[in-house]
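Raw contents of work-v4.cif, mmCIF, C-alpha atoms:
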```
data_start
#
loop_
_atom_site.label_atom_id
_atom_site.label_comp_id
_atom_site.auth_asym_id
_atom_site.auth_seq_id
_atom_site.Cartn_x
_atom_site.Cartn_y
_atom_site.Cartn_z
CA MET A 605 -6.50 -19.74 20.97
CA LYS A 606 -9.76 -18.26 19.78
CA VAL A 607 -9.52 -15.99 16.74
CA ILE A 608 -11.89 -13.06 16.27
CA GLN A 609 -13.10 -13.54 12.71
CA GLU A 610 -14.27 -10.52 10.73
CA ARG A 611 -16.15 -11.63 7.63
CA ILE A 612 -17.73 -8.25 7.04
CA SER A 613 -15.22 -6.93 4.56
CA ALA A 614 -13.03 -7.69 1.60
CA VAL A 615 -9.80 -6.45 3.20
CA VAL A 616 -9.58 -7.13 6.97
CA LYS A 617 -10.18 -10.85 7.51
CA GLU A 618 -9.28 -11.48 11.15
CA VAL A 619 -7.78 -9.85 14.20
CA LEU A 620 -6.26 -12.02 16.93
CA PRO A 621 -7.53 -11.31 20.47
CA ASP A 622 -4.28 -9.67 21.67
CA GLN A 623 -4.26 -7.44 18.58
CA HIS A 624 -7.96 -6.66 18.99
CA ALA A 625 -7.23 -5.19 22.42
CA ARG A 626 -4.42 -3.05 20.92
CA MET A 627 -6.79 -1.86 18.20
CA LEU A 628 -9.45 -0.86 20.74
CA ASP A 629 -6.80 1.10 22.65
CA LEU A 630 -6.03 2.92 19.35
CA ASN A 631 -2.51 1.44 19.17
CA SER A 632 -0.95 -0.13 16.10
CA PHE A 633 -2.22 -3.68 15.60
CA GLY A 634 -1.71 -6.66 13.33
CA PHE A 635 -4.43 -8.32 11.28
CA LYS A 636 -4.87 -10.87 8.50
CA HIS A 637 -6.01 -9.45 5.18
CA SER A 638 -7.02 -10.39 1.67
CA LEU A 639 -4.78 -7.91 -0.17
CA GLY A 640 -3.04 -10.73 -2.03
CA ASN A 641 -6.31 -11.39 -3.87
CA PHE A 642 -6.31 -8.04 -5.70
CA PRO A 643 -4.92 -8.07 -9.28
CA GLY A 644 -3.47 -4.56 -8.89
CA LEU A 645 -1.15 -5.87 -6.19
CA SER A 646 0.30 -8.62 -8.36
CA ILE A 647 3.70 -8.05 -9.99
CA PRO A 648 2.09 -7.62 -13.45
CA GLY A 649 -0.43 -5.19 -11.91
CA ILE A 650 2.34 -3.19 -10.25
CA GLN A 651 4.34 -3.13 -13.50
CA LYS A 652 1.29 -1.80 -15.36
CA LEU A 653 0.66 0.82 -12.66
CA THR A 654 4.30 1.95 -12.70
CA ARG A 655 4.30 2.20 -16.49
CA GLN A 656 1.16 4.37 -16.30
CA LEU A 657 2.70 6.67 -13.67
CA LEU A 658 5.82 7.09 -15.83
CA GLU A 659 3.85 7.61 -19.05
CA GLU A 660 1.81 10.33 -17.31
CA LYS A 661 5.10 11.93 -16.20
CA ARG A 662 4.25 11.50 -12.51
CA PHE A 663 7.94 11.07 -11.80
CA ASP A 664 7.67 12.39 -8.24
CA GLN A 665 5.31 9.50 -7.47
CA VAL A 666 7.86 6.82 -8.43
CA CYS A 667 10.85 6.67 -6.10
CA TYR A 668 13.32 3.82 -6.15
CA ARG A 669 16.60 2.57 -4.77
CA MET A 670 19.08 0.51 -6.74
CA GLY A 671 22.78 0.07 -6.23
CA GLY A 672 22.63 1.90 -2.91
CA VAL A 673 21.24 5.10 -4.45
CA SER A 674 17.72 6.42 -3.77
CA ARG A 675 16.06 8.81 -6.18
CA GLU A 676 12.87 9.90 -7.88
CA SER A 677 12.33 8.65 -11.37
CA ASP A 678 12.52 10.91 -14.40
CA ALA A 679 12.22 10.58 -18.15
CA ASP A 680 15.82 9.33 -18.38
CA THR A 681 15.41 6.60 -15.75
CA ALA A 682 11.94 5.30 -16.71
CA GLY A 683 13.42 2.39 -18.67
CA GLU A 684 15.71 1.48 -15.77
CA VAL A 685 12.74 1.46 -13.37
CA LEU A 686 10.65 -0.78 -15.62
CA ALA A 687 13.59 -3.14 -16.24
CA ALA A 688 14.18 -3.46 -12.49
CA LEU A 689 10.52 -4.34 -11.97
CA GLN A 690 10.84 -6.99 -14.71
CA SER A 691 13.71 -8.59 -12.79
CA LEU A 692 12.49 -7.79 -9.29
CA ASP A 693 13.63 -11.17 -7.91
CA THR A 694 17.29 -10.34 -8.61
CA ALA A 695 17.39 -6.52 -8.93
CA GLY A 696 18.11 -5.81 -5.25
CA ALA A 697 15.77 -2.84 -5.51
CA TRP A 698 12.89 -1.23 -3.70
CA PHE A 699 10.21 1.09 -5.04
CA ARG A 700 7.73 3.52 -3.55
CA LEU A 701 4.68 4.33 -5.66
CA THR A 702 2.72 7.22 -4.16
CA ARG A 703 -0.87 8.39 -4.64
CA VAL A 704 -1.73 5.37 -6.77
CA ASP A 705 -5.38 5.75 -5.81
CA GLU A 706 -5.49 8.89 -7.99
CA ILE A 707 -5.06 6.85 -11.17
CA ASN A 708 -6.35 3.38 -10.27
CA GLU A 709 -9.94 2.68 -9.22
CA GLU A 710 -9.01 -0.64 -7.60
CA PHE A 711 -6.79 1.13 -5.06
CA ARG A 712 -9.53 3.67 -4.28
CA GLU A 713 -11.92 0.77 -3.64
CA ILE A 714 -9.39 -1.07 -1.45
CA CYS A 715 -8.85 2.10 0.59
CA GLU A 716 -12.58 2.77 1.00
CA THR A 717 -13.19 -0.84 2.02
CA PHE A 718 -10.36 -0.65 4.53
CA TYR A 719 -11.87 2.50 6.07
CA ALA A 720 -15.24 0.72 6.28
CA ASP A 721 -13.62 -2.34 7.89
CA LEU A 722 -11.84 -0.24 10.53
CA SER A 723 -14.98 1.79 11.19
CA ARG A 724 -16.96 -1.40 11.85
CA LEU A 725 -14.23 -2.88 14.04
CA LEU A 726 -13.92 0.30 16.14
CA SER A 727 -17.61 1.28 16.03
CA GLN A 728 -16.74 4.77 14.83
CA ASP A 729 -16.39 6.60 11.54
CA ILE A 730 -12.64 6.45 10.91
CA LYS A 731 -12.67 8.22 7.56
CA SER A 732 -14.24 11.35 9.05
CA GLN A 733 -11.19 11.64 11.33
CA VAL A 734 -8.66 11.55 8.47
CA MET A 735 -7.44 14.82 6.97
CA LYS A 736 -5.85 13.43 3.79
CA THR A 737 -5.81 10.00 2.21
CA PHE A 738 -3.48 8.65 -0.42
CA VAL A 739 -2.33 5.13 -1.10
CA THR A 740 1.40 4.38 -1.21
CA LEU A 741 2.84 1.02 -2.23
CA PHE A 742 6.27 -0.24 -1.17
CA ILE A 743 7.67 -3.00 -3.39
CA SER A 744 11.01 -4.66 -2.80
CA SER A 745 13.23 -7.39 -4.13
CA PRO A 746 13.83 -10.36 -1.83
CA GLY A 747 16.43 -9.33 0.73
CA ALA A 748 16.18 -5.62 -0.12
CA ILE A 749 15.88 -3.25 2.81
CA THR A 750 13.04 -0.76 2.75
CA PRO A 751 13.96 2.45 4.58
CA TYR A 752 12.25 3.08 7.89
CA HIS A 753 9.31 5.41 7.62
CA MET A 754 6.56 6.69 9.87
CA ASP A 755 3.21 7.88 8.68
CA HIS A 756 1.41 10.79 10.28
#
```
Once more with this new file: its structure as structure tokens, please.
Amino acid sequence: MKVIQERISAVVKEVLPDQHARMLDLNSFGFKHSLGNFPGLSIPGIQKLTRQLLEEKRFDQVCYRMGGVSRESDADTAGEVLAALQSLDTAGAWFRLTRVDEINEEFREICETFYADLSRLLSQDIKSQVMKTFVTLFISSPGAITPYHMDH
């Protein structure tokens, strides 16, 4: 099977032909990416980012679920959140870090590159069609279930 290779960007690496057709029809589509190459998306990078969000008291931007309970972080739970990230492999937890592009240049660059990649692939300016952009990360322990969500 021939693969459509996109070497024009740092994020989107390839789109399989069946997914390329979905993309052109403006449906959801799968693609291979290089996101694993970014230091901010490593566990140490995510721990550093989470610590910064908590230190800046951006508690509404750090949501987590442990022991079957979902909640936003606060000053009292900051240590619990950081400890769970330290033992992510066994914590049975998931985390949602929201608007991380506001405090981390790497995530702004990833987002801008992604917009540029999609714009090239679709031959149209995607970013001009977006009302609001913010980057949200979902992080989970092996076997943890991340709640269903749908983006607008």
Please check which residues have atoms at most 10 Å from (20.0, 1.4, -5.1) in the file's coordinates, counting only C-alpha atoms, and write them as a count of residues only.
-> 14
Point-to-point distance in Å for atom CA of A:Asp693 and atom CA of A:Asp680 =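 Distance reported for this atom pair: 23.1 Å.
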Quick one: pull the distance between atom CA of A:Ala679 and atom CA of A:Lys661, Å, one decimal.
-> 7.5 Å
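Nearest residue to A:Phe711 among A:Val619, A:Val739, A:Ile749, A:Leu628 is A:Val739, counting only C-alpha atoms.
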Taking a cut-off of 12 Å and counting all atoms listed in the file, can you build a table that, for each residue of stretch 605-716 of chain A near stretch 726-734 of chain A, reports the nearest atom pair and how far apart they are in Å (one decimal), sorted by chain then residue number, as CSV?
```
residue,atom,partner,partner_atom,distance
A:His624,CA,A:Leu726,CA,9.6
A:Ala625,CA,A:Leu726,CA,10.7
A:Arg626,CA,A:Leu726,CA,11.1
A:Met627,CA,A:Leu726,CA,7.7
A:Leu628,CA,A:Leu726,CA,6.5
A:Asp629,CA,A:Leu726,CA,9.7
A:Leu630,CA,A:Leu726,CA,8.9
A:Asn631,CA,A:Leu726,CA,11.9
A:Cys715,CA,A:Lys731,CA,10.0
A:Glu716,CA,A:Lys731,CA,8.5
```
Deliver the residues from the most recent selection as a file, using C-alpha atoms, as a PDB file, in the coordinates of the input.
```pdb
ATOM      1  CA  HIS A 624      -7.960  -6.660  18.990  1.00  0.00           C
ATOM      2  CA  ALA A 625      -7.230  -5.190  22.420  1.00  0.00           C
ATOM      3  CA  ARG A 626      -4.420  -3.050  20.920  1.00  0.00           C
ATOM      4  CA  MET A 627      -6.790  -1.860  18.200  1.00  0.00           C
ATOM      5  CA  LEU A 628      -9.450  -0.860  20.740  1.00  0.00           C
ATOM      6  CA  ASP A 629      -6.800   1.100  22.650  1.00  0.00           C
ATOM      7  CA  LEU A 630      -6.030   2.920  19.350  1.00  0.00           C
ATOM      8  CA  ASN A 631      -2.510   1.440  19.170  1.00  0.00           C
ATOM      9  CA  CYS A 715      -8.850   2.100   0.590  1.00  0.00           C
ATOM     10  CA  GLU A 716     -12.580   2.770   1.000  1.00  0.00           C
TER      11      GLU A 716
END
```
Do you know which residues lie at most 12 Å from (9.2, 8.2, -9.1), with coordinates as in the file and all atoms listed in the file counted, and could you write them as a short mmCIF file (atom, residue, chain, number, x, y, z; two decimals) with C-alpha atoms, keeping the file's coordinate frame?
```cif
data_model
loop_
_atom_site.label_atom_id
_atom_site.label_comp_id
_atom_site.auth_asym_id
_atom_site.auth_seq_id
_atom_site.Cartn_x
_atom_site.Cartn_y
_atom_site.Cartn_z
CA LEU A 653 0.66 0.82 -12.66
CA THR A 654 4.30 1.95 -12.70
CA ARG A 655 4.30 2.20 -16.49
CA GLN A 656 1.16 4.37 -16.30
CA LEU A 657 2.70 6.67 -13.67
CA LEU A 658 5.82 7.09 -15.83
CA GLU A 659 3.85 7.61 -19.05
CA GLU A 660 1.81 10.33 -17.31
CA LYS A 661 5.10 11.93 -16.20
CA ARG A 662 4.25 11.50 -12.51
CA PHE A 663 7.94 11.07 -11.80
CA ASP A 664 7.67 12.39 -8.24
CA GLN A 665 5.31 9.50 -7.47
CA VAL A 666 7.86 6.82 -8.43
CA CYS A 667 10.85 6.67 -6.10
CA TYR A 668 13.32 3.82 -6.15
CA ARG A 669 16.60 2.57 -4.77
CA SER A 674 17.72 6.42 -3.77
CA ARG A 675 16.06 8.81 -6.18
CA GLU A 676 12.87 9.90 -7.88
CA SER A 677 12.33 8.65 -11.37
CA ASP A 678 12.52 10.91 -14.40
CA ALA A 679 12.22 10.58 -18.15
CA ASP A 680 15.82 9.33 -18.38
CA THR A 681 15.41 6.60 -15.75
CA ALA A 682 11.94 5.30 -16.71
CA GLY A 683 13.42 2.39 -18.67
CA GLU A 684 15.71 1.48 -15.77
CA VAL A 685 12.74 1.46 -13.37
CA LEU A 686 10.65 -0.78 -15.62
CA TRP A 698 12.89 -1.23 -3.70
CA PHE A 699 10.21 1.09 -5.04
CA ARG A 700 7.73 3.52 -3.55
CA LEU A 701 4.68 4.33 -5.66
CA THR A 702 2.72 7.22 -4.16
CA ARG A 703 -0.87 8.39 -4.64
CA VAL A 704 -1.73 5.37 -6.77
CA THR A 740 1.40 4.38 -1.21
CA LEU A 741 2.84 1.02 -2.23
CA PHE A 742 6.27 -0.24 -1.17
#
```
Listed atoms of stretch 657-675 of chain A boxed along x, y and z, 3 Å each side, centre and edge lengths in Å, one decimal, as lines of an AutoDock Vina configuration file:
```
center_x = 12.3
center_y = 6.2
center_z = -11.0
size_x = 27.0
size_y = 18.3
size_z = 22.1
```
What is the atom CA of A:Ser745-atom CA of A:Tyr719 distance in Å, reported with one decimal?
->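 Between atom CA of A:Ser745 and atom CA of A:Tyr719 the gap is 28.8 Å.
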Tell me which of A:Asn708, A:Ser638, A:Gln651, A:Ser632 sits closest to A:Leu689, counting all atoms listed in the file.
->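 Nearest candidate to A:Leu689 out of A:Asn708, A:Ser638, A:Gln651, A:Ser632: A:Gln651.
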Taking into account only C-alpha atoms, which residue in the set A:Ala688, A:Val616, A:Ile714, A:Ile707 is nearest to A:Phe642?
-> A:Ile714
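Distances from A:Leu692, A:His637, A:Lys736, A:Val615 to A:Ile650 were compared using all atoms listed in the file, and the smallest one belongs to A:Leu692.
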Write out all heavy atoms for stretch 648-659 of chain A, as a PDB file, in the frame of the given file.
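That gives us rebuild35.pdb:
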```pdb
ATOM      1  N   PRO A 648       2.523  -8.229 -12.180  1.00  0.00           N
ATOM      2  CA  PRO A 648       2.090  -7.620 -13.450  1.00  0.00           C
ATOM      3  C   PRO A 648       1.228  -6.361 -13.232  1.00  0.00           C
ATOM      4  O   PRO A 648       1.356  -5.389 -13.978  1.00  0.00           O
ATOM      5  CB  PRO A 648       1.280  -8.729 -14.123  1.00  0.00           C
ATOM      6  CG  PRO A 648       1.824  -9.993 -13.544  1.00  0.00           C
ATOM      7  CD  PRO A 648       2.159  -9.657 -12.119  1.00  0.00           C
ATOM      8  N   GLY A 649       0.389  -6.369 -12.202  1.00  0.00           N
ATOM      9  CA  GLY A 649      -0.430  -5.190 -11.910  1.00  0.00           C
ATOM     10  C   GLY A 649       0.410  -4.008 -11.493  1.00  0.00           C
ATOM     11  O   GLY A 649       0.163  -2.868 -11.900  1.00  0.00           O
ATOM     12  N   ILE A 650       1.439  -4.256 -10.693  1.00  0.00           N
ATOM     13  CA  ILE A 650       2.340  -3.190 -10.250  1.00  0.00           C
ATOM     14  C   ILE A 650       3.178  -2.676 -11.418  1.00  0.00           C
ATOM     15  O   ILE A 650       3.413  -1.470 -11.536  1.00  0.00           O
ATOM     16  CB  ILE A 650       3.217  -3.684  -9.084  1.00  0.00           C
ATOM     17  CG1 ILE A 650       2.339  -3.852  -7.842  1.00  0.00           C
ATOM     18  CG2 ILE A 650       4.377  -2.736  -8.821  1.00  0.00           C
ATOM     19  CD1 ILE A 650       2.982  -4.595  -6.708  1.00  0.00           C
ATOM     20  N   GLN A 651       3.598  -3.566 -12.307  1.00  0.00           N
ATOM     21  CA  GLN A 651       4.340  -3.130 -13.500  1.00  0.00           C
ATOM     22  C   GLN A 651       3.477  -2.228 -14.368  1.00  0.00           C
ATOM     23  O   GLN A 651       3.934  -1.177 -14.836  1.00  0.00           O
ATOM     24  CB  GLN A 651       4.810  -4.349 -14.289  1.00  0.00           C
ATOM     25  CG  GLN A 651       5.900  -5.128 -13.595  1.00  0.00           C
ATOM     26  CD  GLN A 651       6.169  -6.477 -14.245  1.00  0.00           C
ATOM     27  OE1 GLN A 651       5.305  -7.072 -14.890  1.00  0.00           O
ATOM     28  NE2 GLN A 651       7.391  -6.978 -14.054  1.00  0.00           N
ATOM     29  N   LYS A 652       2.220  -2.604 -14.554  1.00  0.00           N
ATOM     30  CA  LYS A 652       1.290  -1.800 -15.360  1.00  0.00           C
ATOM     31  C   LYS A 652       1.066  -0.432 -14.713  1.00  0.00           C
ATOM     32  O   LYS A 652       1.093   0.605 -15.379  1.00  0.00           O
ATOM     33  CB  LYS A 652      -0.033  -2.542 -15.513  1.00  0.00           C
ATOM     34  CG  LYS A 652      -1.069  -1.803 -16.303  1.00  0.00           C
ATOM     35  CD  LYS A 652      -2.359  -2.593 -16.404  1.00  0.00           C
ATOM     36  CE  LYS A 652      -3.423  -1.797 -17.122  1.00  0.00           C
ATOM     37  NZ  LYS A 652      -4.708  -2.506 -17.152  1.00  0.00           N
ATOM     38  N   LEU A 653       0.869  -0.423 -13.400  1.00  0.00           N
ATOM     39  CA  LEU A 653       0.660   0.820 -12.660  1.00  0.00           C
ATOM     40  C   LEU A 653       1.881   1.726 -12.768  1.00  0.00           C
ATOM     41  O   LEU A 653       1.762   2.931 -13.018  1.00  0.00           O
ATOM     42  CB  LEU A 653       0.367   0.493 -11.199  1.00  0.00           C
ATOM     43  CG  LEU A 653       0.180   1.661 -10.255  1.00  0.00           C
ATOM     44  CD1 LEU A 653      -1.066   2.459 -10.610  1.00  0.00           C
ATOM     45  CD2 LEU A 653       0.095   1.146  -8.822  1.00  0.00           C
ATOM     46  N   THR A 654       3.067   1.165 -12.607  1.00  0.00           N
ATOM     47  CA  THR A 654       4.300   1.950 -12.700  1.00  0.00           C
ATOM     48  C   THR A 654       4.471   2.529 -14.091  1.00  0.00           C
ATOM     49  O   THR A 654       4.818   3.706 -14.241  1.00  0.00           O
ATOM     50  CB  THR A 654       5.517   1.071 -12.327  1.00  0.00           C
ATOM     51  OG1 THR A 654       5.305   0.514 -11.033  1.00  0.00           O
ATOM     52  CG2 THR A 654       6.805   1.892 -12.335  1.00  0.00           C
ATOM     53  N   ARG A 655       4.208   1.728 -15.102  1.00  0.00           N
ATOM     54  CA  ARG A 655       4.300   2.200 -16.490  1.00  0.00           C
ATOM     55  C   ARG A 655       3.354   3.389 -16.693  1.00  0.00           C
ATOM     56  O   ARG A 655       3.715   4.400 -17.292  1.00  0.00           O
ATOM     57  CB  ARG A 655       3.956   1.062 -17.453  1.00  0.00           C
ATOM     58  CG  ARG A 655       4.196   1.419 -18.908  1.00  0.00           C
ATOM     59  CD  ARG A 655       4.011   0.226 -19.838  1.00  0.00           C
ATOM     60  NE  ARG A 655       5.013  -0.812 -19.579  1.00  0.00           N
ATOM     61  CZ  ARG A 655       4.780  -1.972 -18.945  1.00  0.00           C
ATOM     62  NH1 ARG A 655       3.574  -2.271 -18.520  1.00  0.00           N
ATOM     63  NH2 ARG A 655       5.744  -2.836 -18.744  1.00  0.00           N
ATOM     64  N   GLN A 656       2.131   3.282 -16.152  1.00  0.00           N
ATOM     65  CA  GLN A 656       1.160   4.370 -16.300  1.00  0.00           C
ATOM     66  C   GLN A 656       1.648   5.641 -15.589  1.00  0.00           C
ATOM     67  O   GLN A 656       1.552   6.733 -16.152  1.00  0.00           O
ATOM     68  CB  GLN A 656      -0.200   3.942 -15.732  1.00  0.00           C
ATOM     69  CG  GLN A 656      -1.275   4.991 -15.913  1.00  0.00           C
ATOM     70  CD  GLN A 656      -2.624   4.557 -15.374  1.00  0.00           C
ATOM     71  OE1 GLN A 656      -2.804   3.423 -14.926  1.00  0.00           O
ATOM     72  NE2 GLN A 656      -3.582   5.464 -15.400  1.00  0.00           N
ATOM     73  N   LEU A 657       2.171   5.502 -14.386  1.00  0.00           N
ATOM     74  CA  LEU A 657       2.700   6.670 -13.670  1.00  0.00           C
ATOM     75  C   LEU A 657       3.805   7.345 -14.485  1.00  0.00           C
ATOM     76  O   LEU A 657       3.845   8.578 -14.604  1.00  0.00           O
ATOM     77  CB  LEU A 657       3.243   6.259 -12.299  1.00  0.00           C
ATOM     78  CG  LEU A 657       2.216   5.902 -11.226  1.00  0.00           C
ATOM     79  CD1 LEU A 657       2.884   5.188 -10.050  1.00  0.00           C
ATOM     80  CD2 LEU A 657       1.480   7.147 -10.752  1.00  0.00           C
ATOM     81  N   LEU A 658       4.702   6.539 -15.041  1.00  0.00           N
ATOM     82  CA  LEU A 658       5.820   7.090 -15.830  1.00  0.00           C
ATOM     83  C   LEU A 658       5.331   7.713 -17.135  1.00  0.00           C
ATOM     84  O   LEU A 658       5.795   8.787 -17.527  1.00  0.00           O
ATOM     85  CB  LEU A 658       6.854   5.999 -16.084  1.00  0.00           C
ATOM     86  CG  LEU A 658       7.565   5.472 -14.831  1.00  0.00           C
ATOM     87  CD1 LEU A 658       8.386   4.236 -15.172  1.00  0.00           C
ATOM     88  CD2 LEU A 658       8.411   6.548 -14.181  1.00  0.00           C
ATOM     89  N   GLU A 659       4.390   7.065 -17.803  1.00  0.00           N
ATOM     90  CA  GLU A 659       3.850   7.610 -19.050  1.00  0.00           C
ATOM     91  C   GLU A 659       3.140   8.939 -18.819  1.00  0.00           C
ATOM     92  O   GLU A 659       3.164   9.823 -19.670  1.00  0.00           O
ATOM     93  CB  GLU A 659       2.914   6.609 -19.722  1.00  0.00           C
ATOM     94  CG  GLU A 659       3.638   5.439 -20.350  1.00  0.00           C
ATOM     95  CD  GLU A 659       2.713   4.342 -20.850  1.00  0.00           C
ATOM     96  OE1 GLU A 659       1.474   4.432 -20.644  1.00  0.00           O
ATOM     97  OE2 GLU A 659       3.230   3.367 -21.436  1.00  0.00           O
TER      98      GLU A 659
END
```
